[in-house]
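Engineer: My file is coords04.txt. It has compact mmCIF, C-alpha atoms (C1' of nucleotides):
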```
# COMPACT_ATOMS: atom_id res chain seq x y z
CA MET F 1 71.28 -115.67 161.20
CA ASN F 2 71.16 -119.11 159.69
CA LYS F 3 67.82 -120.02 161.09
CA VAL F 4 64.32 -118.70 160.88
CA ASP F 5 63.00 -117.52 164.25
CA ARG F 6 61.11 -119.93 166.47
CA LEU F 7 57.77 -118.15 166.16
CA THR F 8 57.78 -118.33 162.39
CA VAL F 9 58.68 -122.00 162.42
CA ASP F 10 55.84 -122.73 164.81
CA ARG F 11 53.39 -120.80 162.69
CA ARG F 12 54.49 -122.73 159.62
CA GLY F 13 54.28 -125.99 161.51
CA GLU F 14 50.69 -125.31 162.47
CA ARG F 15 49.86 -124.50 158.91
CA PHE F 16 51.35 -127.83 157.87
CA LYS F 17 49.32 -129.78 160.40
CA SER F 18 46.02 -128.25 159.41
CA ALA F 19 46.76 -128.48 155.70
CA ALA F 20 47.71 -132.12 156.10
CA ALA F 21 44.53 -132.84 158.00
CA ALA F 22 42.47 -131.02 155.40
CA ALA F 23 44.12 -132.93 152.58
CA GLY F 24 43.81 -136.25 154.37
CA VAL F 25 47.55 -136.76 154.35
CA ARG F 26 49.26 -138.73 157.07
CA LEU F 27 51.55 -136.99 159.49
CA THR F 28 54.53 -139.27 159.60
CA HIS F 29 57.66 -138.81 161.60
CA GLN F 30 59.76 -138.23 158.47
CA ARG F 31 57.36 -135.69 157.01
CA LEU F 32 57.39 -133.65 160.16
CA GLU F 33 61.16 -133.66 160.31
CA ILE F 34 61.51 -132.76 156.67
CA PHE F 35 59.03 -129.96 156.94
CA ARG F 36 60.67 -128.66 160.09
CA GLU F 37 63.93 -128.55 158.23
CA VAL F 38 62.77 -126.47 155.26
CA ALA F 39 60.59 -124.29 157.44
CA SER F 40 63.46 -123.36 159.71
CA SER F 41 66.10 -122.88 157.06
CA VAL F 42 66.91 -119.63 155.41
CA GLU F 43 69.19 -121.25 152.87
CA HIS F 44 66.64 -122.54 150.39
CA PRO F 45 68.03 -126.05 150.61
CA ASP F 46 67.82 -128.65 147.91
CA ALA F 47 66.72 -132.21 148.61
CA GLU F 48 70.26 -133.35 149.31
CA ALA F 49 70.78 -130.63 151.91
CA VAL F 50 67.53 -131.48 153.64
CA LEU F 51 68.55 -135.12 153.69
CA ARG F 52 71.95 -134.39 155.23
CA SER F 53 70.39 -132.28 157.93
CA VAL F 54 67.50 -134.51 158.88
CA ARG F 55 69.65 -137.62 158.83
CA LYS F 56 71.46 -136.38 161.89
CA ARG F 57 68.27 -137.05 163.82
CA MET F 58 66.89 -139.80 161.60
CA PRO F 59 69.70 -141.81 160.01
CA THR F 60 67.56 -144.17 157.98
CA LEU F 61 65.83 -141.44 155.98
CA ALA F 62 66.09 -142.01 152.23
CA ILE F 63 66.51 -139.39 149.55
CA ASP F 64 63.42 -140.42 147.65
CA THR F 65 61.28 -139.84 150.70
CA VAL F 66 62.69 -136.33 150.88
CA TYR F 67 61.74 -135.69 147.28
CA ARG F 68 58.29 -137.13 147.68
CA THR F 69 57.68 -135.09 150.77
CA LEU F 70 58.98 -131.83 149.33
CA TRP F 71 56.79 -132.13 146.25
CA MET F 72 53.86 -132.98 148.45
CA LEU F 73 54.45 -129.85 150.52
CA ASN F 74 54.69 -127.94 147.29
CA ASP F 75 51.38 -129.36 146.12
CA LEU F 76 49.79 -128.44 149.42
CA GLY F 77 50.99 -124.90 148.84
CA LEU F 78 53.19 -124.91 151.92
CA ILE F 79 56.46 -124.36 150.15
CA THR F 80 57.52 -123.27 146.67
CA THR F 81 60.45 -123.91 144.45
CA LEU F 82 62.96 -121.24 143.69
CA GLY F 83 63.09 -119.39 140.42
CA PRO F 84 61.61 -120.51 137.15
CA ARG F 85 60.63 -124.09 136.69
CA ARG F 86 63.50 -125.91 135.08
CA ASP F 87 63.88 -129.13 133.24
CA SER F 88 67.24 -128.01 131.96
CA VAL F 89 69.51 -124.99 131.86
CA ARG F 90 68.29 -122.28 129.55
CA PHE F 91 70.38 -119.67 127.84
CA ASP F 92 69.84 -116.02 127.10
CA ALA F 93 71.65 -114.00 124.46
CA ASN F 94 69.98 -110.77 125.38
CA LEU F 95 72.60 -108.80 127.26
CA ASP F 96 70.61 -105.60 127.39
CA ARG F 97 68.85 -104.80 130.60
CA HIS F 98 65.60 -106.69 130.60
CA HIS F 99 63.12 -108.54 132.74
CA HIS F 100 61.44 -111.92 132.51
CA TYR F 101 57.95 -113.20 132.34
CA VAL F 102 57.90 -116.84 133.42
CA CYS F 103 55.04 -119.28 133.18
CA VAL F 104 55.04 -121.29 136.38
CA ARG F 105 53.17 -124.05 134.63
CA CYS F 106 55.20 -124.79 131.53
CA GLY F 107 58.35 -122.75 132.00
CA LEU F 108 57.83 -120.48 128.98
CA THR F 109 60.02 -117.44 129.44
CA ARG F 110 59.93 -114.15 127.59
CA ASP F 111 61.83 -110.93 127.92
CA PHE F 112 60.28 -107.56 128.38
CA GLU F 113 61.69 -104.12 128.85
CA SER F 114 60.52 -101.35 131.07
CA ALA F 115 61.92 -97.91 131.69
CA GLU F 116 59.86 -97.71 134.82
CA LEU F 117 61.50 -100.78 136.28
CA GLY F 118 64.89 -99.48 135.30
CA VAL F 119 65.61 -97.88 138.61
CA LEU F 120 65.11 -100.44 141.31
CA ARG F 121 66.56 -99.52 144.64
CA VAL F 122 67.37 -102.49 146.80
CA PRO F 123 67.48 -102.19 150.58
CA ASP F 124 70.80 -101.62 152.27
CA ALA F 125 70.58 -104.99 153.94
CA VAL F 126 71.32 -106.61 150.61
CA ALA F 127 74.71 -105.00 150.47
CA SER F 128 75.78 -107.09 153.43
CA LEU F 129 75.24 -110.24 151.39
CA GLY F 130 77.62 -109.29 148.64
CA ARG F 131 78.24 -107.22 145.57
CA VAL F 132 75.29 -106.51 143.30
CA VAL F 133 75.81 -107.08 139.60
CA GLU F 134 72.34 -106.66 138.26
CA THR F 135 68.77 -106.54 139.43
CA ASN F 136 65.81 -107.61 137.43
CA VAL F 137 62.18 -108.35 137.83
CA GLU F 138 60.74 -111.80 137.48
CA VAL F 139 57.06 -111.84 136.73
CA ARG F 140 55.55 -115.22 137.47
CA GLY F 141 52.26 -116.18 135.94
CA VAL F 142 50.36 -118.60 133.79
CA CYS F 143 50.81 -118.16 130.07
CA ARG F 144 47.95 -118.09 127.61
CA ARG F 145 48.51 -121.56 126.29
CA CYS F 146 48.57 -123.07 129.76
CA ALA F 147 45.57 -121.03 130.82
CA ALA F 148 43.67 -122.59 127.94
CA THR F 149 44.26 -126.04 129.38
CA GLU F 150 43.80 -124.88 132.95
CA ASP F 151 41.11 -127.44 133.71
CA LYS F 152 43.50 -130.34 133.16
CA THR F 153 45.14 -131.64 136.29
CA VAL F 154 48.32 -129.81 137.08
CA LYS F 155 51.04 -132.19 136.18
CA ARG F 156 54.64 -132.01 137.10
CA LYS F 157 56.22 -134.65 135.01
CA LYS F 158 59.76 -134.06 135.81
CA ALA F 159 60.36 -130.73 137.44
CA ARG F 160 64.04 -130.82 138.20
CA MET G 161 57.52 -112.55 116.81
CA ASN G 162 59.53 -115.69 117.32
CA LYS G 163 62.79 -114.27 116.14
CA VAL G 164 65.07 -111.46 117.11
CA ASP G 165 65.42 -108.82 114.38
CA ARG G 166 68.22 -109.11 111.85
CA LEU G 167 70.11 -106.06 113.04
CA THR G 168 70.35 -107.31 116.57
CA VAL G 169 71.54 -110.72 115.43
CA ASP G 170 74.24 -109.11 113.30
CA ARG G 171 75.39 -106.91 116.15
CA ARG G 172 75.58 -109.93 118.41
CA GLY G 173 77.43 -111.89 115.77
CA GLU G 174 80.06 -109.19 115.48
CA ARG G 175 80.46 -109.19 119.20
CA PHE G 176 81.05 -112.93 119.09
CA LYS G 177 83.68 -112.69 116.40
CA SER G 178 85.70 -110.06 118.17
CA ALA G 179 85.36 -111.75 121.54
CA ALA G 180 86.47 -115.03 120.03
CA ALA G 181 89.46 -113.39 118.43
CA ALA G 182 90.35 -111.65 121.68
CA ALA G 183 90.09 -114.87 123.63
CA GLY G 184 92.03 -116.84 121.04
CA VAL G 185 89.15 -119.17 120.44
CA ARG G 186 88.62 -120.81 117.08
CA LEU G 187 85.63 -119.87 114.98
CA THR G 188 84.32 -123.19 113.87
CA HIS G 189 81.35 -123.84 111.71
CA GLN G 190 79.39 -125.42 114.57
CA ARG G 191 80.15 -122.59 116.97
CA LEU G 192 78.89 -120.03 114.54
CA GLU G 193 75.69 -121.94 113.94
CA ILE G 194 75.08 -122.50 117.62
CA PHE G 195 75.69 -118.89 118.44
CA ARG G 196 73.47 -117.76 115.62
CA GLU G 197 70.72 -119.91 116.99
CA VAL G 198 70.75 -118.55 120.55
CA ALA G 199 71.33 -115.03 119.34
CA SER G 200 68.31 -115.08 117.09
CA SER G 201 65.95 -116.86 119.42
CA VAL G 202 63.61 -115.17 121.78
CA GLU G 203 62.65 -118.41 123.50
CA HIS G 204 65.61 -118.86 125.83
CA PRO G 205 66.28 -122.31 124.47
CA ASP G 206 67.95 -125.11 126.34
CA ALA G 207 70.74 -127.18 124.82
CA GLU G 208 68.33 -129.71 123.40
CA ALA G 209 66.31 -127.02 121.62
CA VAL G 210 69.43 -125.51 120.14
CA LEU G 211 70.50 -128.93 118.93
CA ARG G 212 67.18 -129.63 117.25
CA SER G 213 67.24 -126.33 115.47
CA VAL G 214 70.82 -126.34 114.28
CA ARG G 215 70.66 -129.96 113.21
CA LYS G 216 68.32 -128.99 110.41
CA ARG G 217 71.29 -127.30 108.78
CA MET G 218 74.03 -129.44 110.29
CA PRO G 219 72.80 -132.97 110.90
CA THR G 220 75.96 -134.37 112.45
CA LEU G 221 76.05 -131.91 115.33
CA ALA G 222 76.31 -133.61 118.71
CA ILE G 223 74.68 -132.55 121.95
CA ASP G 224 77.96 -132.34 123.84
CA THR G 225 79.30 -129.84 121.36
CA VAL G 226 76.25 -127.72 121.99
CA TYR G 227 76.88 -127.80 125.72
CA ARG G 228 80.58 -127.03 125.36
CA THR G 229 79.83 -124.15 123.06
CA LEU G 230 77.07 -122.67 125.18
CA TRP G 231 79.23 -122.70 128.29
CA MET G 232 82.06 -121.20 126.32
CA LEU G 233 79.81 -118.38 125.15
CA ASN G 234 78.74 -117.95 128.73
CA ASP G 235 82.37 -117.73 129.85
CA LEU G 236 83.06 -115.17 127.15
CA GLY G 237 80.19 -113.13 128.53
CA LEU G 238 78.20 -113.35 125.33
CA ILE G 239 75.22 -115.14 126.78
CA THR G 240 73.91 -115.84 130.26
CA THR G 241 71.87 -118.53 131.87
CA LEU G 242 68.37 -117.90 133.00
CA GLY G 243 67.46 -117.47 136.63
CA PRO G 244 69.55 -118.61 139.53
CA ARG G 245 72.31 -121.06 138.89
CA ARG G 246 71.03 -124.50 139.64
CA ASP G 247 72.60 -127.80 140.48
CA SER G 248 69.27 -129.02 141.75
CA VAL G 249 65.79 -127.81 142.64
CA ARG G 250 65.71 -125.66 145.71
CA PHE G 251 62.78 -125.15 148.01
CA ASP G 252 61.43 -122.13 149.79
CA ALA G 253 59.17 -122.19 152.84
CA ASN G 254 58.79 -118.43 152.96
CA LEU G 255 55.36 -117.75 151.56
CA ASP G 256 55.35 -114.06 152.45
CA ARG G 257 56.05 -111.66 149.66
CA HIS G 258 59.79 -111.42 149.31
CA HIS G 259 62.64 -111.00 146.90
CA HIS G 260 65.84 -112.89 146.26
CA TYR G 261 69.51 -112.16 146.27
CA VAL G 262 71.32 -114.75 144.19
CA CYS G 263 75.05 -115.30 143.90
CA VAL G 264 75.75 -116.02 140.26
CA ARG G 265 78.94 -117.77 141.24
CA CYS G 266 77.89 -120.31 143.84
CA GLY G 267 74.13 -120.14 143.80
CA LEU G 268 73.71 -118.90 147.36
CA THR G 269 70.24 -117.46 147.68
CA ARG G 270 68.81 -115.28 150.40
CA ASP G 271 65.48 -113.59 150.90
CA PHE G 272 64.98 -109.94 151.54
CA GLU G 273 61.93 -107.79 152.00
CA SER G 274 61.26 -104.32 150.76
CA ALA G 275 58.20 -102.15 151.06
CA GLU G 276 59.56 -100.00 148.29
CA LEU G 277 59.64 -102.90 145.88
CA GLY G 278 56.16 -103.92 146.90
CA VAL G 279 54.44 -102.02 144.16
CA LEU G 280 55.97 -103.01 140.85
CA ARG G 281 54.00 -102.03 137.82
CA VAL G 282 54.68 -104.17 134.79
CA PRO G 283 54.17 -102.88 131.27
CA ASP G 284 50.90 -103.65 129.51
CA ALA G 285 52.76 -105.76 126.95
CA VAL G 286 53.21 -108.41 129.59
CA ALA G 287 49.49 -108.93 129.85
CA SER G 288 49.50 -110.29 126.33
CA LEU G 289 51.74 -113.13 127.44
CA GLY G 290 49.41 -114.40 130.12
CA ARG G 291 48.01 -113.94 133.58
CA VAL G 292 50.31 -112.52 136.24
CA VAL G 293 50.44 -114.31 139.55
CA GLU G 294 53.27 -112.60 141.30
CA THR G 295 56.18 -110.34 140.56
CA ASN G 296 59.40 -110.24 142.44
CA VAL G 297 62.86 -108.88 142.15
CA GLU G 298 65.91 -111.00 141.59
CA VAL G 299 69.15 -109.35 142.55
CA ARG G 300 72.10 -111.07 140.97
CA GLY G 301 75.53 -110.57 142.37
CA VAL G 302 78.63 -112.14 143.82
CA CYS G 303 78.36 -113.08 147.48
CA ARG G 304 81.02 -112.23 150.03
CA ARG G 305 82.47 -115.67 150.23
CA CYS G 306 82.86 -115.93 146.47
CA ALA G 307 84.24 -112.42 146.25
CA ALA G 308 86.94 -113.51 148.68
CA THR G 309 88.10 -116.17 146.25
CA GLU G 310 87.53 -113.99 143.20
CA ASP G 311 91.07 -114.38 141.92
CA LYS G 312 90.70 -118.12 141.52
CA THR G 313 89.65 -119.22 138.08
CA VAL G 314 85.92 -119.20 137.68
CA LYS G 315 84.96 -122.80 137.82
CA ARG G 316 81.65 -124.27 136.89
CA LYS G 317 81.87 -127.79 138.10
CA LYS G 318 78.45 -128.97 137.27
CA ALA G 319 76.09 -126.13 136.61
CA ARG G 320 72.99 -127.91 135.48
C1' DC C 321 101.41 -128.77 110.24
C1' DT C 322 99.72 -128.84 115.03
C1' DG C 323 96.98 -127.87 118.77
C1' DA C 324 92.19 -126.89 119.49
C1' DC C 325 87.80 -128.81 118.52
C1' DT C 326 84.25 -132.34 117.31
C1' DG C 327 81.66 -136.65 117.61
C1' DC C 328 81.11 -140.81 119.93
C1' DA C 329 80.27 -143.48 123.84
C1' DA C 330 80.29 -144.07 128.37
C1' DA C 331 80.17 -142.02 132.90
C1' DC C 332 77.84 -138.96 136.25
C1' DC C 333 74.52 -137.18 139.14
C1' DC C 334 70.04 -135.59 140.35
C1' DT C 335 65.45 -137.22 140.33
C1' DT C 336 61.74 -140.51 139.72
C1' DT C 337 59.43 -145.07 139.88
C1' DG C 338 58.10 -150.06 141.08
C1' DC C 339 57.75 -152.89 144.76
C1' DA C 340 57.38 -155.19 149.34
C1' DG C 341 57.40 -154.41 154.01
C1' DA C 342 56.23 -150.84 157.86
C1' DC C 343 53.23 -147.86 160.24
C1' DC C 344 49.42 -144.16 160.83
C1' DG C 345 44.80 -143.57 162.03
C1' DC W 346 43.63 -153.96 160.40
C1' DG W 347 43.74 -151.52 155.70
C1' DG W 348 45.55 -148.31 152.93
C1' DT W 349 49.22 -145.00 152.89
C1' DC W 350 53.95 -144.25 153.35
C1' DT W 351 58.88 -145.60 153.57
C1' DG W 352 63.23 -147.61 152.05
C1' DC W 353 65.53 -150.06 148.61
C1' DA W 354 67.11 -150.69 144.15
C1' DA W 355 67.05 -149.72 139.62
C1' DA W 356 65.63 -146.86 135.81
C1' DG W 357 65.44 -142.25 133.64
C1' DG W 358 67.07 -138.06 131.67
C1' DG W 359 69.98 -133.99 131.40
C1' DT W 360 74.88 -132.94 131.44
C1' DT W 361 79.81 -133.91 131.41
C1' DT W 362 84.16 -136.30 130.21
C1' DG W 363 87.91 -139.28 127.89
C1' DC W 364 89.51 -140.33 123.62
C1' DA W 365 90.85 -140.52 118.77
C1' DG W 366 90.14 -138.53 114.53
C1' DT W 367 89.38 -133.75 112.20
C1' DC W 368 89.90 -129.08 111.04
C1' DA W 369 91.01 -123.96 111.72
C1' DG W 370 94.74 -120.88 111.56
```
Mind converting the file's structure to structure tokens?

Structural biologist:
Amino acid sequence: MNKVDRLTVDRRGERFKSAAAAAGVRLTHQRLEIFREVASSVEHPDAEAVLRSVRKRMPTLAIDTVYRTLWMLNDLGLITTLGPRRDSVRFDANLDRHHHYVCVRCGLTRDFESAELGVLRVPDAVASLGRVVETNVEVRGVCRRCAATEDKTVKRKKAR
Amino acid sequence: MNKVDRLTVDRRGERFKSAAAAAGVRLTHQRLEIFREVASSVEHPDAEAVLRSVRKRMPTLAIDTVYRTLWMLNDLGLITTLGPRRDSVRFDANLDRHHHYVCVRCGLTRDFESAELGVLRVPDAVASLGRVVETNVEVRGVCRRCAATEDKTVKRKKAR
DNA sequence: CTGACTGCAAACCCTTTGCAGACCG
DNA sequence: CGGTCTGCAAAGGGTTTGCAGTCAG
């Protein structure tokens, strides 16, 4: 229950190898181990968690290599980051039921309301995870301003 | 379009005053200004943005006061933080369409799938914000493990 | 008046960067 | 073998904390 099934991991692994080849990226020992770790975890680990886990097999691994590798995998489109892009914590004084539009490029976030989305039924399986307080929709996209500068190289200056 | 309407701000302000009174918290000049700022903004500002804005009226305000106040408002239930609670960036190797269950207490995050939630129609207003890449549901709740220790004081050790 | 709150400065912690040696292809 | 990648160490940047003076009630 803590691990992704073998088949899925293998499929992801293959995808990594071909993507790496296509991108002309070297397949190092550490990269494979790091990828294997994220690909087989269901916990959405952060860099520190990946480090702890992989270090059991590879004790010399450094945290900065983990970061570099994870962002590389992200750039190759093999993994994503969770939730809106965040340089810092952001606050929300709107306590009414609402949803969010989030620009994956710059982090711009806006509320929107929708009667139609007011009645979201979540699968029963969710109940086994814990109590549900609220459910809302996150629409991810590219905002107008960012779309206007789309041609520019995608830059992640500091995506913490 | 950049500001919340007057009526809403006033309503929120009243809520703050009564909540503060109920919680036995002092209504200082800086707290009022900080609250007014988040309550009237539609941008989901981070601490730095709040500081910049309030400093125009109150130049001596310090960043740590902003943080203390924002977390206090959060504890009083008057504002929330955006997206999953984050101590660090978390990665996701599941590229299939899926949704998230997020524990607002500890940050635990799990995927779930749902055919029913596969067809979410967002209001037309969203289109004016930008292009839509993907939409998914975020279910916020309290996970089993946290629910088990519910009685303990809610502690936010380092909720960046 | 007095305890809660603020501002200041320094500590903290996650993340990134510069560099020299190591290793893939 | 050459250029890419790793590990190390140190810098960077957002957030928190200890402390002494200040202010709300």

Engineer: Which polymer residues have any atom within 10 Å of an atom of C:DT326, counting all atoms listed in the file, with same-chain residues fewer than 6 positions away left out, as a PyMOL selection string?

Structural biologist: (chain G and resi 188+190+220-222+224-225) or (chain W and resi 366-368)

Engineer: Taking all atoms listed in the file into account, which of G:Val202, G:Ala307, G:Ile194, G:Ala181 comes nearest chain W?

Structural biologist: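 Looking only at the distances to chain W, the closest residue turns out to be G:Ala181.
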
Engineer: Please check the contacts: residues of chain C at most 12 Å away from chain G, using all atoms listed in the file, listed as a PyMOL selection string.

Structural biologist: chain C and resi 323-329+332-335

Engineer: Atom CA of F:Arg12 and atom CA of G:Thr295 are how many Å apart?

Structural biologist: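 Pair atom CA of F:Arg12 / atom CA of G:Thr295 returns 22.8 Å.
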
Engineer: Enclose stretch 131-150 of chain F, meaning all of its atoms listed in the file, in a box aligned along x, y and z, pad it by 4 Å on each side, and list the centre and edge lengths in Å to one decimal, as JSON.

Structural biologist:
```
{"center_x": 61.0, "center_y": -116.3, "center_z": 135.9, "size_x": 42.6, "size_y": 27.5, "size_z": 27.3}
```

Engineer: Quick one: residues within 12 Å of W:DC346, only C-alpha atoms (C1' of nucleotides) counted, chain neighbours fewer than 2 positions away excluded, as a list in words?

Structural biologist: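 Surrounding residues, per the criterion: DC343, DC344 and DG345 of chain C; DG348 of chain W.
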
Engineer: Determine which residues of chain W sit within 10 Å of chain F, taking into account all atoms listed in the file, and present them as a list of chain:residue names.

Structural biologist: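 Per the criterion, chain W yields W:DT349, W:DC350, W:DT351, W:DG352, W:DC353, W:DG358, W:DG359, W:DT360.
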
Engineer: May I have the residues of chain G within 6 Å of chain F, counting all atoms listed in the file, written as a ChimeraX atom specification?

Structural biologist: /G:199,204-206,239-242,249-253,289-304,320

Engineer: Output C-alpha atoms for every residue in the selection just made, as a compact mmCIF listing (two decimals), in the frame of the given file.

Structural biologist:
```
# COMPACT_ATOMS: atom_id res chain seq x y z
CA ALA G 199 71.33 -115.03 119.34
CA HIS G 204 65.61 -118.86 125.83
CA PRO G 205 66.28 -122.31 124.47
CA ASP G 206 67.95 -125.11 126.34
CA ILE G 239 75.22 -115.14 126.78
CA THR G 240 73.91 -115.84 130.26
CA THR G 241 71.87 -118.53 131.87
CA LEU G 242 68.37 -117.90 133.00
CA VAL G 249 65.79 -127.81 142.64
CA ARG G 250 65.71 -125.66 145.71
CA PHE G 251 62.78 -125.15 148.01
CA ASP G 252 61.43 -122.13 149.79
CA ALA G 253 59.17 -122.19 152.84
CA LEU G 289 51.74 -113.13 127.44
CA GLY G 290 49.41 -114.40 130.12
CA ARG G 291 48.01 -113.94 133.58
CA VAL G 292 50.31 -112.52 136.24
CA VAL G 293 50.44 -114.31 139.55
CA GLU G 294 53.27 -112.60 141.30
CA THR G 295 56.18 -110.34 140.56
CA ASN G 296 59.40 -110.24 142.44
CA VAL G 297 62.86 -108.88 142.15
CA GLU G 298 65.91 -111.00 141.59
CA VAL G 299 69.15 -109.35 142.55
CA ARG G 300 72.10 -111.07 140.97
CA GLY G 301 75.53 -110.57 142.37
CA VAL G 302 78.63 -112.14 143.82
CA CYS G 303 78.36 -113.08 147.48
CA ARG G 304 81.02 -112.23 150.03
CA ARG G 320 72.99 -127.91 135.48
```

Engineer: For a quick check of understanding, using all atoms listed in the file, which of F:Glu33, F:Asp124, F:Asp5, F:Asp75 has the smallest distance to F:Ala19?

Structural biologist: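 Checking each candidate against F:Ala19, we get F:Asp75 as the closest.
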
Engineer: What does the structure give for the distance between atom C1' of W:DA354 and atom C1' of C:DG341, in Å to one decimal?

Structural biologist: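 Going from atom C1' of W:DA354 over to atom C1' of C:DG341 covers 14.3 Å.
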
Engineer: Pick from G:Ala308, G:Val279, G:Val226, G:Cys266: nearest to W:DT361, with all atoms listed in the file counted?

Structural biologist: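 Checking each of G:Ala308, G:Val279, G:Val226, G:Cys266 against W:DT361, counting all atoms listed in the file, the winner is G:Val226.
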
Engineer: What separation in Å, quoted to one decimal, exists between atom C1' of C:DT337 and atom CA of F:Leu51?

Structural biologist: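 So the answer is 19.3 Å.
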